[in-house]
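Engineer: For reference, the structure I am asking about is given below.
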Amino acid sequence: MEGQALPVYGLYSARREGLDDLCLVGSPEGFTSFADVLQRARGEDTWHLQAPPPEEIAPYDCALTAATIVLDSQTAGVRISKQGDILRIVGPEDALGVLADNLCQFEVWQREGRLPPHAHQHLEHWPGHPFLTPDSNPLVAMIGATETAPG
């Protein structure tokens, strides 16, 4: 595994069989760092994820401990999945780049003053999806609650 943990944390729901409900939580800057890893993918690399705050884990949720990014030019798009407690993202360079661009959007909204509280994106396949494969797990990328200083 690479050295430093990526500045996001991940959760998945253990409530049902089949496709897992996956969630990544971070700051706009954290998602930009994650996007950078996607854009620099060469081969297969695994990165640690931050541990979620205990109060963020529901009784039916589990923490994702790492993210494995695989550059695979033979796939038709990005496949997001979970193996054990590891988030796995596999795809060709162009599709990984589109996913990265989507994650960078949080920082764009912040810079433009348009980042709403609890901003999030649903990244899930639908017929004709431009970069996700049909067998990709749904993923919600969301901005975590920020603490404010007492005033």
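If you're wondering about the labels, chains in the structure tokens are A, B, ... by order shown, residues count from 1 in each chain, ligands from 1 in order shown.
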Can you check which residues of chain A DSSP gives as strand (DSSP E or B) on the backbone and send them as a PyMOL selection string?
Structural biologist: chain A and resi 6+8-13+22-26+44-49+61-64+66-71+78-83+86-91+120-123+132+139-143
Engineer: If we count only C-alpha atoms and set the cut-off at 8 Å, which residues sit around segment 94-105 of chain A, ignoring sequence neighbours fewer than 4 positions away in its own chain? Please answer as a list in words.
Structural biologist: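 Using only C-alpha atoms, the neighbours found are Pro28, Phe31, Thr32, Phe34, Ala35, Asp36, Leu38, Gln39, Gly77, Val78, Val90, Trp109, Phe131, Leu132 and Ala141 of chain A.
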Engineer: Fewer than 4 positions away in the same chain doesn't count, so skip those; otherwise give me all residues within 9 Å of Ile69 of chain A, counting only C-alpha atoms, as a list of chain:residue names.
Structural biologist: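 Everything that qualifies: A:Val37, A:Leu38, A:Ala41, A:Arg42, A:Gly43, A:Glu44, A:Asp45, A:Thr46, A:Trp47, A:Leu87, A:Arg88, A:Ile89, A:Val90, A:Gly91.
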Engineer: Restricting it to C-alpha atoms, dump the selection as a compact mmCIF listing (two decimals), in the first residue's frame.
Structural biologist:
```txt
# COMPACT_ATOMS: atom_id res chain seq x y z
CA VAL A 37 -4.75 9.38 -7.67
CA LEU A 38 -7.31 8.25 -10.29
CA ALA A 41 -3.15 5.44 -12.09
CA ARG A 42 -0.53 3.16 -13.63
CA GLY A 43 -1.10 -0.55 -13.17
CA GLU A 44 -2.62 -1.36 -9.77
CA ASP A 45 -2.11 0.64 -6.56
CA THR A 46 -3.81 0.38 -3.18
CA TRP A 47 -4.16 3.41 -0.92
CA LEU A 87 -13.07 -0.14 -2.48
CA ARG A 88 -11.97 -1.28 -5.95
CA ILE A 89 -12.07 1.04 -8.98
CA VAL A 90 -11.05 -0.47 -12.34
CA GLY A 91 -11.10 1.21 -15.73
```
Engineer: Atom CA of Gln83 of chain A to atom CA of Leu24 of chain A: how many Å, to one decimal?
Structural biologist: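 Those two atoms sit 15.3 Å apart.
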Engineer: For atom CA of Pro92 of chain A and atom CA of Leu6 of chain A, quote the distance in Å rounded to one decimal.
Structural biologist: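 According to the coordinates, atom CA of Pro92 of chain A and atom CA of Leu6 of chain A are separated by 21.2 Å.
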Engineer: List as an MDAnalysis selection string the protein and nucleic acid residues near Glu107 of chain A, meaning an atom at most 10 Å away when only C-alpha atoms are counted, but skip any in the same chain fewer than 5 places from it.
Structural biologist: chainID A and resid 27:32 112:115
Engineer: Quote the spacing between atom CA of Pro52 of chain A and atom CA of Gly26 of chain A in Å to one decimal place.
Structural biologist: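 The value is 9.8 Å.
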Engineer: Nearest residue to Thr65 of chain A out of A:Leu49, A:Cys23, A:Ala119, A:Leu139, using only C-alpha atoms?
Structural biologist: A:Leu49
